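Novice: Just one file: target.txt, with compact mmCIF, C-alpha atoms.
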```txt
# COMPACT_ATOMS: atom_id res chain seq x y z
CA MET A 1 -166.17 -70.85 -112.26
CA GLY A 2 -165.62 -69.65 -115.75
CA VAL A 3 -163.12 -71.94 -117.35
CA THR A 4 -162.17 -70.52 -120.68
CA ILE A 5 -159.66 -72.20 -122.90
CA ASP A 6 -158.67 -70.38 -126.00
CA TRP A 7 -158.39 -73.40 -128.30
CA GLY A 8 -157.78 -71.12 -131.26
CA ALA A 9 -154.73 -69.55 -129.59
CA LEU A 10 -153.54 -72.98 -128.53
CA GLY A 11 -153.86 -74.33 -132.06
CA MET A 12 -151.89 -71.34 -133.31
CA VAL A 13 -149.19 -71.97 -130.69
CA PHE A 14 -148.90 -75.55 -131.87
CA PHE A 15 -148.81 -74.87 -135.59
CA VAL A 16 -146.56 -71.81 -135.48
CA SER A 17 -144.03 -73.38 -133.13
CA PHE A 18 -144.20 -76.65 -135.07
CA GLY A 19 -143.57 -74.84 -138.35
CA SER A 20 -140.74 -72.65 -137.11
CA ALA A 21 -138.94 -75.32 -135.07
CA ILE A 22 -139.23 -78.00 -137.76
CA GLY A 23 -138.16 -75.44 -140.37
CA VAL A 24 -134.98 -74.60 -138.47
CA ILE A 25 -134.19 -78.24 -137.67
CA VAL A 26 -134.69 -79.38 -141.27
CA LEU A 27 -132.65 -76.48 -142.67
CA PHE A 28 -129.87 -77.09 -140.18
CA ALA A 29 -129.88 -80.83 -140.85
CA LEU A 30 -129.70 -80.18 -144.61
CA GLY A 31 -126.84 -77.74 -144.11
CA VAL A 32 -124.95 -80.11 -141.85
CA SER A 33 -125.37 -83.06 -144.17
CA ALA A 34 -124.25 -80.97 -147.15
CA LEU A 35 -121.10 -80.08 -145.23
CA ALA A 36 -120.67 -83.59 -143.91
CA GLY A 37 -120.84 -85.03 -147.41
CA LEU A 38 -118.21 -82.54 -148.47
CA ASN A 39 -115.89 -83.26 -145.57
CA SER A 40 -116.02 -87.01 -145.84
CA ALA A 41 -115.47 -86.85 -149.58
CA GLN A 42 -112.34 -84.83 -149.00
CA SER A 43 -110.99 -86.74 -146.06
CA GLN A 44 -111.77 -90.28 -147.09
CA ALA A 45 -111.63 -90.72 -150.83
CA ALA A 46 -112.88 -94.28 -150.61
CA HIS A 47 -116.06 -93.21 -148.87
CA LYS A 48 -118.85 -93.10 -151.41
CA VAL A 49 -120.56 -89.79 -150.88
CA THR A 50 -121.96 -87.48 -153.50
CA GLU A 51 -119.42 -84.74 -153.94
CA SER A 52 -120.95 -81.68 -155.42
CA PRO A 53 -119.53 -78.20 -155.98
CA TRP A 54 -122.86 -76.97 -154.68
CA ALA A 55 -122.43 -78.54 -151.27
CA ARG A 56 -120.79 -75.57 -149.58
CA PRO A 57 -123.06 -72.85 -151.05
CA VAL A 58 -126.13 -74.96 -150.23
CA ALA A 59 -124.92 -75.44 -146.67
CA MET A 60 -124.27 -71.72 -146.26
CA LEU A 61 -127.73 -70.93 -147.60
CA CYS A 62 -129.29 -73.34 -145.11
CA PHE A 63 -127.36 -71.84 -142.21
CA LEU A 64 -128.29 -68.36 -143.37
CA GLY A 65 -131.94 -69.40 -143.25
CA CYS A 66 -131.45 -70.64 -139.67
CA ALA A 67 -129.66 -67.42 -138.75
CA LEU A 68 -132.58 -65.37 -140.05
CA VAL A 69 -135.05 -67.32 -137.90
CA VAL A 70 -132.76 -66.91 -134.87
CA ALA A 71 -132.52 -63.18 -135.58
CA TYR A 72 -136.31 -62.96 -135.69
CA GLY A 73 -136.46 -64.88 -132.42
CA LEU A 74 -134.03 -62.39 -130.88
CA TYR A 75 -136.19 -59.56 -132.17
CA LEU A 76 -139.23 -61.12 -130.47
CA ILE A 77 -137.30 -61.46 -127.20
CA ILE A 78 -135.88 -57.93 -127.23
CA LYS A 79 -138.74 -55.83 -128.60
CA MET B 1 -140.69 -48.51 -94.48
CA ASP B 2 -142.24 -51.48 -92.70
CA VAL B 3 -140.06 -54.41 -91.70
CA ILE B 4 -142.29 -56.66 -93.79
CA VAL B 5 -141.38 -54.73 -96.94
CA LEU B 6 -137.69 -55.33 -96.34
CA PHE B 7 -138.40 -59.01 -95.74
CA VAL B 8 -140.40 -59.26 -98.93
CA ILE B 9 -137.61 -57.70 -100.99
CA ILE B 10 -134.98 -60.05 -99.56
CA THR B 11 -137.26 -63.07 -99.89
CA ALA B 12 -138.13 -62.13 -103.47
CA LEU B 13 -134.44 -62.04 -104.35
CA VAL B 14 -133.92 -65.41 -102.64
CA PHE B 15 -136.82 -66.81 -104.68
CA ASP B 16 -135.23 -65.35 -107.81
CA PHE B 17 -131.99 -67.14 -106.92
CA THR B 18 -133.77 -70.50 -106.50
CA ASN B 19 -135.65 -69.80 -109.74
CA GLY B 20 -132.27 -69.38 -111.43
CA PHE B 21 -130.65 -72.60 -110.30
CA HIS B 22 -133.86 -74.58 -110.61
CA ASP B 23 -134.14 -73.62 -114.25
CA THR B 24 -130.50 -73.80 -115.41
CA ALA B 25 -131.33 -77.30 -116.58
CA ASN B 26 -134.02 -76.09 -118.98
CA ALA B 27 -131.52 -74.38 -121.22
CA MET B 28 -128.33 -76.24 -120.52
CA ALA B 29 -129.04 -79.86 -119.54
CA THR B 30 -128.83 -81.35 -123.02
CA SER B 31 -125.83 -79.22 -124.01
CA ILE B 32 -123.96 -80.39 -120.92
CA ALA B 33 -124.99 -84.01 -121.54
CA THR B 34 -123.79 -84.02 -125.14
CA GLY B 35 -120.60 -82.15 -124.33
CA ALA B 36 -121.57 -79.22 -126.57
CA LEU B 37 -120.64 -77.02 -123.63
CA LYS B 38 -118.46 -77.81 -120.64
CA PRO B 39 -120.58 -77.77 -117.46
CA LYS B 40 -118.98 -74.63 -115.98
CA VAL B 41 -119.02 -72.81 -119.32
CA ALA B 42 -122.68 -73.71 -119.82
CA VAL B 43 -123.82 -72.31 -116.47
CA ALA B 44 -121.68 -69.18 -116.90
CA LEU B 45 -123.12 -68.54 -120.37
CA SER B 46 -126.64 -69.16 -119.12
CA GLY B 47 -126.07 -66.86 -116.14
CA VAL B 48 -124.82 -64.01 -118.31
CA LEU B 49 -127.74 -64.43 -120.74
CA ASN B 50 -130.21 -64.40 -117.85
CA LEU B 51 -128.67 -61.14 -116.61
CA VAL B 52 -128.81 -59.67 -120.11
CA GLY B 53 -132.38 -60.89 -120.45
CA ALA B 54 -133.36 -59.05 -117.29
CA PHE B 55 -132.37 -55.77 -118.91
CA LEU B 56 -133.70 -56.52 -122.39
CA SER B 57 -137.40 -56.62 -121.95
CA VAL B 58 -139.31 -53.48 -121.12
CA ALA B 59 -142.61 -55.32 -120.78
CA VAL B 60 -142.76 -55.28 -116.99
CA ALA B 61 -145.16 -57.63 -115.30
CA LYS B 62 -147.70 -55.15 -113.99
CA THR B 63 -149.52 -57.85 -112.13
CA ILE B 64 -147.69 -60.66 -110.39
CA SER B 65 -150.76 -62.75 -109.81
CA SER B 66 -151.90 -62.92 -113.46
CA GLY B 67 -155.49 -62.69 -112.28
CA LEU B 68 -155.27 -65.89 -110.24
CA VAL B 69 -156.18 -64.04 -107.05
CA GLU B 70 -157.97 -60.80 -106.32
CA ASP B 71 -155.17 -58.26 -106.77
CA THR B 72 -156.67 -55.84 -104.26
CA LYS B 73 -156.45 -58.50 -101.54
CA ILE B 74 -152.69 -58.88 -101.92
CA THR B 75 -150.77 -57.51 -98.94
CA PRO B 76 -147.02 -57.65 -98.26
CA ALA B 77 -147.70 -60.51 -95.81
CA VAL B 78 -149.48 -62.46 -98.55
CA ILE B 79 -146.58 -61.90 -100.94
CA PHE B 80 -144.11 -62.89 -98.24
CA GLY B 81 -146.00 -66.08 -97.44
CA GLY B 82 -146.33 -66.89 -101.13
CA LEU B 83 -142.61 -66.44 -101.69
CA ILE B 84 -141.71 -68.66 -98.72
CA GLY B 85 -144.02 -71.38 -100.05
CA ALA B 86 -142.44 -71.12 -103.50
CA ILE B 87 -138.87 -71.21 -102.16
CA VAL B 88 -139.49 -74.24 -99.94
CA TRP B 89 -141.06 -76.18 -102.83
CA ASN B 90 -138.26 -75.17 -105.22
CA LEU B 91 -135.63 -76.40 -102.76
CA LEU B 92 -137.43 -79.67 -102.10
CA THR B 93 -137.85 -80.52 -105.79
CA TRP B 94 -134.23 -79.56 -106.38
CA LEU B 95 -133.16 -82.00 -103.66
CA LEU B 96 -135.12 -84.72 -105.46
CA GLY B 97 -133.69 -83.61 -108.81
CA LEU B 98 -137.14 -83.00 -110.25
CA PRO B 99 -137.77 -80.16 -112.69
CA SER B 100 -140.88 -78.29 -111.64
CA SER B 101 -142.23 -74.90 -112.62
CA SER B 102 -140.95 -72.01 -110.47
CA SER B 103 -143.85 -69.87 -111.67
CA HIS B 104 -146.37 -72.47 -110.56
CA ALA B 105 -144.67 -72.60 -107.18
CA LEU B 106 -144.94 -68.83 -106.87
CA PHE B 107 -148.58 -68.82 -107.95
CA GLY B 108 -149.36 -71.68 -105.60
CA GLY B 109 -147.77 -69.84 -102.69
CA LEU B 110 -149.70 -66.68 -103.50
CA ILE B 111 -152.97 -68.59 -103.84
CA GLY B 112 -152.49 -70.28 -100.47
CA ALA B 113 -151.52 -67.07 -98.71
CA THR B 114 -154.42 -65.15 -100.27
CA TRP B 115 -156.85 -67.90 -99.35
CA VAL B 116 -156.12 -67.68 -95.61
CA ALA B 117 -155.82 -63.89 -95.68
CA ALA B 118 -158.94 -63.06 -97.67
CA GLY B 119 -160.96 -66.28 -98.03
CA ALA B 120 -161.57 -68.67 -100.90
CA ASP B 121 -163.60 -66.06 -102.77
CA ALA B 122 -160.44 -64.07 -103.43
CA VAL B 123 -159.01 -66.96 -105.44
CA HIS B 124 -160.18 -67.24 -109.03
CA PHE B 125 -160.31 -71.01 -109.46
CA GLY B 126 -161.54 -70.78 -113.04
CA THR B 127 -158.41 -68.84 -113.92
CA VAL B 128 -156.31 -71.39 -112.04
CA VAL B 129 -157.70 -74.13 -114.28
CA SER B 130 -157.39 -72.24 -117.54
CA LYS B 131 -154.04 -70.54 -116.84
CA ILE B 132 -152.24 -73.28 -114.94
CA LEU B 133 -153.81 -76.72 -115.15
CA ILE B 134 -154.68 -76.87 -118.85
CA PRO B 135 -151.38 -75.32 -120.02
CA ALA B 136 -149.50 -77.67 -117.69
CA VAL B 137 -151.05 -80.64 -119.46
CA LEU B 138 -150.54 -79.19 -122.92
CA ALA B 139 -147.04 -77.67 -122.65
CA PRO B 140 -145.05 -80.90 -122.53
CA ILE B 141 -147.26 -82.51 -125.19
CA VAL B 142 -146.89 -79.65 -127.66
CA ALA B 143 -143.12 -79.36 -127.10
CA GLY B 144 -142.74 -83.14 -127.10
CA VAL B 145 -144.51 -83.62 -130.44
CA VAL B 146 -142.47 -80.84 -132.08
CA ALA B 147 -139.19 -82.24 -130.72
CA LEU B 148 -140.17 -85.79 -131.69
CA VAL B 149 -140.86 -84.89 -135.31
CA GLY B 150 -137.82 -82.59 -135.40
CA THR B 151 -135.51 -85.31 -134.08
CA TYR B 152 -136.92 -87.89 -136.48
CA LEU B 153 -136.38 -85.58 -139.46
CA ALA B 154 -132.89 -84.54 -138.30
CA TYR B 155 -131.79 -88.20 -138.23
CA ARG B 156 -133.61 -88.99 -141.45
CA ILE B 157 -131.99 -86.14 -143.36
CA THR B 158 -128.49 -86.75 -142.06
CA SER B 159 -128.66 -90.55 -142.17
CA ARG B 160 -126.32 -90.88 -145.15
CA ALA B 161 -123.87 -88.14 -144.20
CA HIS B 162 -120.57 -88.56 -142.41
CA ARG B 163 -121.59 -89.24 -138.82
CA ALA B 164 -118.81 -87.52 -136.90
CA THR B 165 -119.18 -84.33 -138.94
CA VAL B 166 -122.94 -84.32 -138.44
CA GLY B 167 -122.44 -84.74 -134.70
CA ALA B 168 -119.96 -81.89 -134.61
CA GLY B 169 -122.25 -79.67 -136.69
CA PHE B 170 -125.19 -80.15 -134.36
CA LYS B 171 -122.87 -79.63 -131.40
CA THR B 172 -122.08 -76.15 -132.71
CA GLY B 173 -125.76 -75.53 -133.35
CA GLN B 174 -126.54 -76.50 -129.78
CA VAL B 175 -124.50 -73.59 -128.44
CA VAL B 176 -126.85 -71.20 -130.23
CA SER B 177 -130.05 -73.08 -129.45
CA ALA B 178 -129.18 -73.35 -125.74
CA SER B 179 -128.35 -69.65 -125.62
CA MET B 180 -131.74 -68.82 -127.08
CA VAL B 181 -133.53 -70.80 -124.38
CA SER B 182 -131.47 -69.00 -121.70
CA LEU B 183 -132.21 -65.58 -123.09
CA ALA B 184 -135.93 -66.26 -123.43
CA HIS B 185 -135.90 -67.53 -119.86
CA GLY B 186 -134.10 -64.43 -118.55
CA THR B 187 -136.56 -62.03 -120.11
CA ASN B 188 -139.49 -63.92 -118.60
CA ASP B 189 -138.42 -65.02 -115.16
CA ALA B 190 -136.37 -62.08 -113.87
CA GLN B 191 -139.41 -59.95 -114.71
CA LYS B 192 -141.47 -61.93 -112.25
CA THR B 193 -139.30 -60.96 -109.30
CA MET B 194 -139.09 -57.35 -110.45
CA GLY B 195 -142.88 -57.33 -110.56
CA VAL B 196 -143.09 -58.73 -107.01
CA ILE B 197 -140.67 -56.15 -105.57
CA THR B 198 -142.19 -53.25 -107.49
CA LEU B 199 -145.69 -54.15 -106.40
CA THR B 200 -144.56 -54.40 -102.79
CA LEU B 201 -142.93 -50.98 -102.98
CA VAL B 202 -146.14 -49.58 -104.45
CA THR B 203 -148.32 -51.10 -101.71
CA ALA B 204 -145.88 -49.71 -99.13
CA GLY B 205 -146.20 -46.25 -100.64
CA ALA B 206 -142.54 -46.05 -101.60
CA LEU B 207 -143.41 -45.89 -105.29
CA ALA B 208 -146.28 -44.21 -107.11
CA PRO B 209 -148.93 -46.65 -108.38
CA GLY B 210 -148.23 -47.78 -111.93
CA SER B 211 -144.50 -47.16 -111.63
CA GLY B 212 -142.02 -49.32 -113.47
CA PRO B 213 -139.28 -51.04 -111.49
CA PRO B 214 -136.47 -48.71 -110.35
CA PHE B 215 -133.00 -49.44 -111.72
CA TRP B 216 -131.76 -51.04 -108.50
CA VAL B 217 -134.67 -53.49 -108.61
CA ILE B 218 -133.86 -54.52 -112.18
CA LEU B 219 -130.17 -54.88 -111.32
CA ALA B 220 -130.80 -56.82 -108.10
CA ALA B 221 -133.31 -59.18 -109.74
CA GLY B 222 -131.05 -59.72 -112.75
CA LEU B 223 -128.04 -60.45 -110.54
CA ALA B 224 -130.00 -62.79 -108.26
CA ILE B 225 -131.31 -64.95 -111.11
CA ALA B 226 -127.92 -64.90 -112.87
CA ALA B 227 -126.11 -65.94 -109.68
CA GLY B 228 -128.62 -68.74 -109.14
CA THR B 229 -128.20 -69.89 -112.72
CA TYR B 230 -124.41 -69.88 -112.37
CA VAL B 231 -124.52 -71.94 -109.17
CA GLY B 232 -126.45 -74.42 -111.28
CA GLY B 233 -129.08 -76.91 -110.18
CA TRP B 234 -126.85 -79.85 -111.01
CA ARG B 235 -129.31 -82.42 -109.68
CA ILE B 236 -131.98 -81.27 -112.11
CA ILE B 237 -129.43 -80.91 -114.92
CA ARG B 238 -128.49 -84.55 -114.39
CA THR B 239 -132.13 -85.64 -114.49
CA LEU B 240 -132.96 -83.79 -117.70
CA GLY B 241 -129.63 -84.36 -119.44
CA ASN B 242 -128.79 -87.93 -118.52
CA ARG B 243 -131.55 -89.77 -116.76
CA ILE B 244 -134.44 -89.42 -119.20
CA THR B 245 -132.58 -90.73 -122.19
CA GLU B 246 -129.13 -90.87 -123.72
CA ILE B 247 -128.96 -87.64 -125.66
CA GLU B 248 -126.99 -87.13 -128.85
CA THR B 249 -126.27 -83.72 -130.36
CA PRO B 250 -129.04 -83.77 -133.03
CA GLN B 251 -131.53 -84.60 -130.27
CA GLY B 252 -130.18 -81.83 -128.05
CA PHE B 253 -130.43 -79.37 -130.91
CA ALA B 254 -133.96 -80.49 -131.78
CA ALA B 255 -135.08 -80.32 -128.14
CA GLU B 256 -133.67 -76.83 -127.57
CA THR B 257 -134.94 -75.47 -130.88
CA SER B 258 -138.41 -76.84 -130.16
CA SER B 259 -138.35 -75.38 -126.64
CA THR B 260 -137.32 -71.94 -127.88
CA ALA B 261 -140.01 -71.97 -130.56
CA VAL B 262 -142.77 -73.06 -128.18
CA ILE B 263 -141.74 -70.60 -125.44
CA LEU B 264 -141.47 -67.64 -127.80
CA VAL B 265 -144.57 -68.40 -129.85
CA SER B 266 -146.73 -69.14 -126.81
CA SER B 267 -145.75 -65.94 -125.01
CA GLN B 268 -146.25 -63.94 -128.21
CA LEU B 269 -149.73 -65.35 -128.71
CA GLY B 270 -150.79 -64.72 -125.12
CA PHE B 271 -150.80 -68.36 -124.11
CA PRO B 272 -147.58 -68.52 -122.07
CA LEU B 273 -146.44 -72.05 -121.23
CA SER B 274 -144.13 -73.06 -118.40
CA THR B 275 -140.48 -73.08 -119.52
CA THR B 276 -139.75 -76.08 -117.34
CA GLN B 277 -142.60 -78.17 -118.68
CA VAL B 278 -141.87 -77.19 -122.27
CA CYS B 279 -138.18 -78.14 -121.96
CA SER B 280 -138.89 -81.41 -120.15
CA GLY B 281 -141.49 -82.40 -122.74
CA ALA B 282 -139.07 -81.54 -125.56
CA ILE B 283 -136.39 -83.83 -124.10
CA PHE B 284 -138.83 -86.75 -123.88
CA GLY B 285 -139.90 -86.01 -127.46
CA ALA B 286 -136.28 -85.90 -128.64
CA GLY B 287 -135.69 -89.21 -126.88
CA ALA B 288 -138.66 -90.85 -128.56
CA GLY B 289 -137.76 -89.39 -131.97
CA ARG B 290 -134.51 -91.32 -132.34
CA ARG B 291 -134.92 -94.96 -133.25
CA LEU B 292 -133.61 -97.43 -130.71
CA ALA B 293 -133.24 -94.72 -128.08
CA GLN B 294 -134.19 -95.85 -124.62
CA VAL B 295 -136.54 -93.44 -122.87
CA ARG B 296 -137.23 -93.86 -119.17
CA TRP B 297 -140.93 -93.10 -119.15
CA SER B 298 -141.12 -93.96 -115.44
CA LEU B 299 -139.31 -90.69 -114.84
CA ALA B 300 -142.08 -88.89 -116.71
CA GLY B 301 -144.49 -90.27 -114.12
CA GLN B 302 -142.40 -88.85 -111.29
CA MET B 303 -142.22 -85.46 -112.98
CA VAL B 304 -145.94 -85.36 -113.58
CA ILE B 305 -146.53 -86.10 -109.90
CA ALA B 306 -144.17 -83.23 -108.97
CA TRP B 307 -146.00 -80.91 -111.38
CA VAL B 308 -149.40 -81.86 -109.98
CA LEU B 309 -148.18 -81.34 -106.41
CA THR B 310 -146.35 -78.05 -107.08
CA LEU B 311 -149.33 -75.77 -106.80
CA PRO B 312 -151.10 -77.32 -103.78
CA ALA B 313 -147.86 -77.97 -101.90
CA ALA B 314 -146.60 -74.42 -102.35
CA ALA B 315 -150.10 -73.21 -101.50
CA ILE B 316 -150.12 -75.03 -98.15
CA VAL B 317 -146.70 -73.69 -97.14
CA GLY B 318 -147.65 -70.25 -98.47
CA ALA B 319 -150.91 -70.29 -96.52
CA LEU B 320 -149.17 -71.22 -93.28
CA ALA B 321 -146.36 -68.70 -93.80
CA GLY B 322 -148.73 -65.92 -94.79
CA TRP B 323 -151.00 -66.64 -91.83
CA VAL B 324 -148.15 -66.39 -89.31
CA ALA B 325 -146.56 -63.39 -91.04
CA GLU B 326 -149.87 -61.50 -90.90
CA THR B 327 -149.68 -61.42 -87.10
CA GLY B 328 -146.96 -58.78 -87.22
CA THR B 329 -143.22 -58.30 -87.07
CA VAL B 330 -142.65 -61.18 -84.66
CA GLY B 331 -144.62 -63.51 -86.91
CA THR B 332 -142.65 -62.36 -89.94
CA VAL B 333 -139.35 -63.00 -88.21
CA VAL B 334 -140.57 -66.44 -87.08
CA VAL B 335 -141.52 -67.34 -90.67
CA ALA B 336 -138.19 -66.10 -91.99
CA ALA B 337 -136.32 -68.13 -89.36
CA ALA B 338 -138.37 -71.23 -90.16
CA GLY B 339 -137.69 -70.72 -93.87
CA LEU B 340 -133.96 -70.48 -93.21
CA ALA B 341 -134.06 -73.60 -91.04
CA ILE B 342 -135.85 -75.60 -93.76
CA ALA B 343 -133.45 -74.34 -96.43
CA GLY B 344 -130.50 -75.27 -94.20
CA ALA B 345 -131.89 -78.75 -93.58
CA ILE B 346 -132.47 -79.36 -97.30
CA TYR B 347 -128.94 -78.16 -98.08
CA ALA B 348 -127.52 -80.46 -95.38
CA LEU B 349 -129.45 -83.40 -96.88
CA SER B 350 -128.11 -82.58 -100.34
CA ARG B 351 -124.53 -82.96 -99.06
CA GLY B 352 -125.23 -86.64 -98.50
CA GLU B 353 -125.10 -87.24 -102.22
CA PRO B 354 -123.69 -84.10 -103.81
CA VAL B 355 -124.09 -83.49 -107.53
CA ASP B 356 -121.93 -80.81 -109.09
CA ALA B 357 -120.14 -79.83 -112.29
CA HIS B 358 -117.73 -82.76 -111.91
CA ASN B 359 -120.15 -85.65 -111.64
CA VAL B 360 -123.22 -84.24 -113.38
CA ASN B 361 -122.81 -86.63 -116.31
CA GLU B 362 -122.36 -89.67 -114.09
CA VAL B 363 -125.60 -91.51 -113.66
CA PRO B 364 -126.29 -93.32 -110.37
CA VAL B 365 -125.91 -97.08 -110.28
CA GLY B 366 -128.85 -98.89 -111.80
CA ALA B 367 -129.72 -96.19 -114.28
CA PRO B 368 -128.77 -96.59 -117.95
CA LYS B 369 -125.42 -94.97 -118.60
CA ALA B 370 -125.46 -92.09 -120.99
CA ALA B 371 -122.27 -91.76 -122.95
CA ALA B 372 -120.63 -88.42 -123.59
CA VAL B 373 -121.56 -88.47 -127.23
CA THR B 374 -119.26 -86.90 -129.76
CA SER B 375 -120.47 -88.71 -132.82
CA VAL B 376 -123.91 -89.60 -134.01
```
Reformat the file's structure so that it appears as structure tokens.
Specialist:
Amino acid sequence: MGVTIDWGALGMVFFVSFGSAIGVIVLFALGVSALAGLNSAQSQAAHKVTESPWARPVAMLCFLGCALVVAYGLYLIIK
Amino acid sequence: MDVIVLFVIITALVFDFTNGFHDTANAMATSIATGALKPKVAVALSGVLNLVGAFLSVAVAKTISSGLVEDTKITPAVIFGGLIGAIVWNLLTWLLGLPSSSSHALFGGLIGATWVAAGADAVHFGTVVSKILIPAVLAPIVAGVVALVGTYLAYRITSRAHRATVGAGFKTGQVVSASMVSLAHGTNDAQKTMGVITLTLVTAGALAPGSGPPFWVILAAGLAIAAGTYVGGWRIIRTLGNRITEIETPQGFAAETSSTAVILVSSQLGFPLSTTQVCSGAIFGAGAGRRLAQVRWSLAGQMVIAWVLTLPAAAIVGALAGWVAETGTVGTVVVAAAGLAIAGAIYALSRGEPVDAHNVNEVPVGAPKAAAVTSV
């Protein structure tokens, strides 16, 4: 019985899915924490969080990055 | 048209239905557990996306056996037996609340039915090892490692941010990530049933060889899997969402994102991995990735046993069903009646301890309680 395991393909599966999933999770986490810092700074003045005018644009940029990956995922599903 | 062809079409749609409710958990379990989606909303969304998925992909499964058995030896009786084996196993694992691969059940059924119909030579055991056994071992590990690292990083990055806002942010993200898993599932699994029905129509001479599925086949398969998804396999949803570990929204997001990535990448690179095993592995990984999270590894043992048994168990039922069905119309009717009786008995047993949209997040006595988490 010819058991053939394509270790190359498997390695690719691991690294590509690792890269894309971790990329999205990290971007999303950065975006969320940028927003969360902003929110808590506004809502609870006593809370010591770095308030930066960049927080919202940075968050939007992060979410845009996630959206692009999702769009590519959709393209892969639909094509 | 032979009676057997009609039986195969109906049975294929029934299998598609069980495939739907067996796999609702893959996409929606963590979203339901974290409260990102209300149970009924989650299954409705997943059902719609499965229906959409059925129409999206044009890559029709030309071969239903994926080279596991000699395609020329497949007869309608073999397909019928295989489907019965797969349905019985899907129902039994649902009763036990265990996620197991619907594809493996179908392949197992087909292997068993082919074996008795055409002998062991018609089964390609090397392909069984390389296409089913090895991926079954690797799928949960790959998805688990990705989800583990993802969860760890998500908590690390957001550790100093306002907790409630972070929780709410990931909750929103989960709606998208769960939808992606559902859509990817719909494009893959509805195709399987379309392939089965189309192949049967071709062998019966109702369609020219090499034909794509007719519109009514696509519609019927899409509706069957969507209906199954909407009914929801609440027992399996409870296992994946609440019994493995207490899931918070960043974990749910990490698990679903990892699952989507692994499913899409593996099918793109020609190394398709079982959706069920990927999603289960990702949830264990997400559980292990959060510090202080309690993961019930004993449940992993039970799942692995179910995964190991899926193929041989479905094969035995498939072999028996195919063998009786081969004898002619009477045999086919007998098998169908037996299948209905078993399904009825399993349903009756499930009423003893029903799990539905209302109590899906309540964990049985003795198991660690998972809170409906709104904050991180």
Novice: Between A:Tyr72, A:Trp7, A:Pro57, A:Val26, which residue has the minimum interatomic distance to chain B, considering all atoms listed in the file?
Specialist: A:Val26
Novice: Could you tell me how far atom CA of B:Glu246 sits from atom CA of A:Cys66, in Å to one decimal place?
Specialist: 25.9 Å
Novice: When you count all atoms listed in the file, which of these residues is closest to chain A: B:Ser258, B:Ser103, B:Gln191, B:Thr245?
Specialist: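 For chain A, the nearest of the given residues is B:Ser258.
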Novice: Between B:Thr114, B:Thr200, B:Asn26, B:Gln251, which is the closest to chain A once you count all atoms listed in the file?
Specialist: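 Closest to chain A, using all atoms listed in the file: B:Gln251.
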Novice: With a cut-off of 7 Å, could you pull out the residues of chain B touching chain A and give me the nearest pair of atoms for each, distance in Å to one decimal, using all atoms listed in the file, ordered by chain and ascending number, as a Markdown table?
Specialist:
```
| residue | atom | partner | partner_atom | distance |
| --- | --- | --- | --- | --- |
| B:Leu56 | CA | A:Ile78 | CA | 5.5 |
| B:Ser57 | CA | A:Ile78 | CA | 5.6 |
| B:Phe125 | CA | A:Met1 | CA | 6.5 |
| B:Gly126 | CA | A:Met1 | CA | 4.7 |
| B:Thr127 | CA | A:Val3 | CA | 6.6 |
| B:Val129 | CA | A:Val3 | CA | 6.6 |
| B:Ser130 | CA | A:Val3 | CA | 5.7 |
| B:Val142 | CA | A:Phe14 | CA | 6.2 |
| B:Val146 | CA | A:Phe18 | CA | 5.4 |
| B:Gly150 | CA | A:Ile22 | CA | 5.4 |
| B:Leu153 | CA | A:Val26 | CA | 6.7 |
| B:Ala154 | CA | A:Ala29 | CA | 5.4 |
| B:Ile157 | CA | A:Ala29 | CA | 6.2 |
| B:Thr158 | CA | A:Ser33 | CA | 5.3 |
| B:Ala161 | CA | A:Ser33 | CA | 5.3 |
| B:His162 | CA | A:Ala36 | CA | 5.2 |
| B:Thr165 | CA | A:Ala36 | CA | 5.2 |
| B:Val166 | CA | A:Val32 | CA | 5.8 |
| B:Gly169 | CA | A:Val32 | CA | 5.8 |
| B:Ala184 | CA | A:Ile77 | CA | 6.3 |
| B:Ala254 | CA | A:Ile25 | CA | 6.3 |
| B:Thr257 | CA | A:Ala21 | CA | 5.8 |
| B:Ser258 | CA | A:Ala21 | CA | 5.2 |
| B:Ala261 | CA | A:Ser17 | CA | 5.0 |
| B:Val262 | CA | A:Ser17 | CA | 5.1 |
| B:Val265 | CA | A:Val13 | CA | 5.9 |
| B:Ser266 | CA | A:Val13 | CA | 5.4 |
| B:Leu269 | CA | A:Ala9 | CA | 6.6 |
| B:Phe271 | CA | A:Ala9 | CA | 6.8 |
```
Novice: In Å to one decimal, how far is atom CA of B:Thr310 from atom CA of B:Pro76?
Specialist: 22.2 Å
Novice: Hey, can you check how far atom CA of B:Ile132 sits from atom CA of B:Ala338?
Specialist: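 Spanning atom CA of B:Ile132 to atom CA of B:Ala338 is a straight-line distance of 28.5 Å.
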Novice: For stretch 178-187 of chain B, take all atoms listed in the file, fit an axis-aligned box around them, add 8 Å to each of the six sides, then output centre and edge lengths in Å rounded to one decimal, as lines of an AutoDock Vina configuration file.
Specialist:
```
center_x = -132.5
center_y = -67.7
center_z = -122.8
size_x = 24.2
size_y = 27.3
size_z = 24.5
```
Novice: Skip B:Lys40 itself and residues of its chain fewer than 3 positions away, then list as an NGL selection string all residues within 7 Å of it, counting all atoms listed in the file.
Specialist: :B and (43-44 or 357)
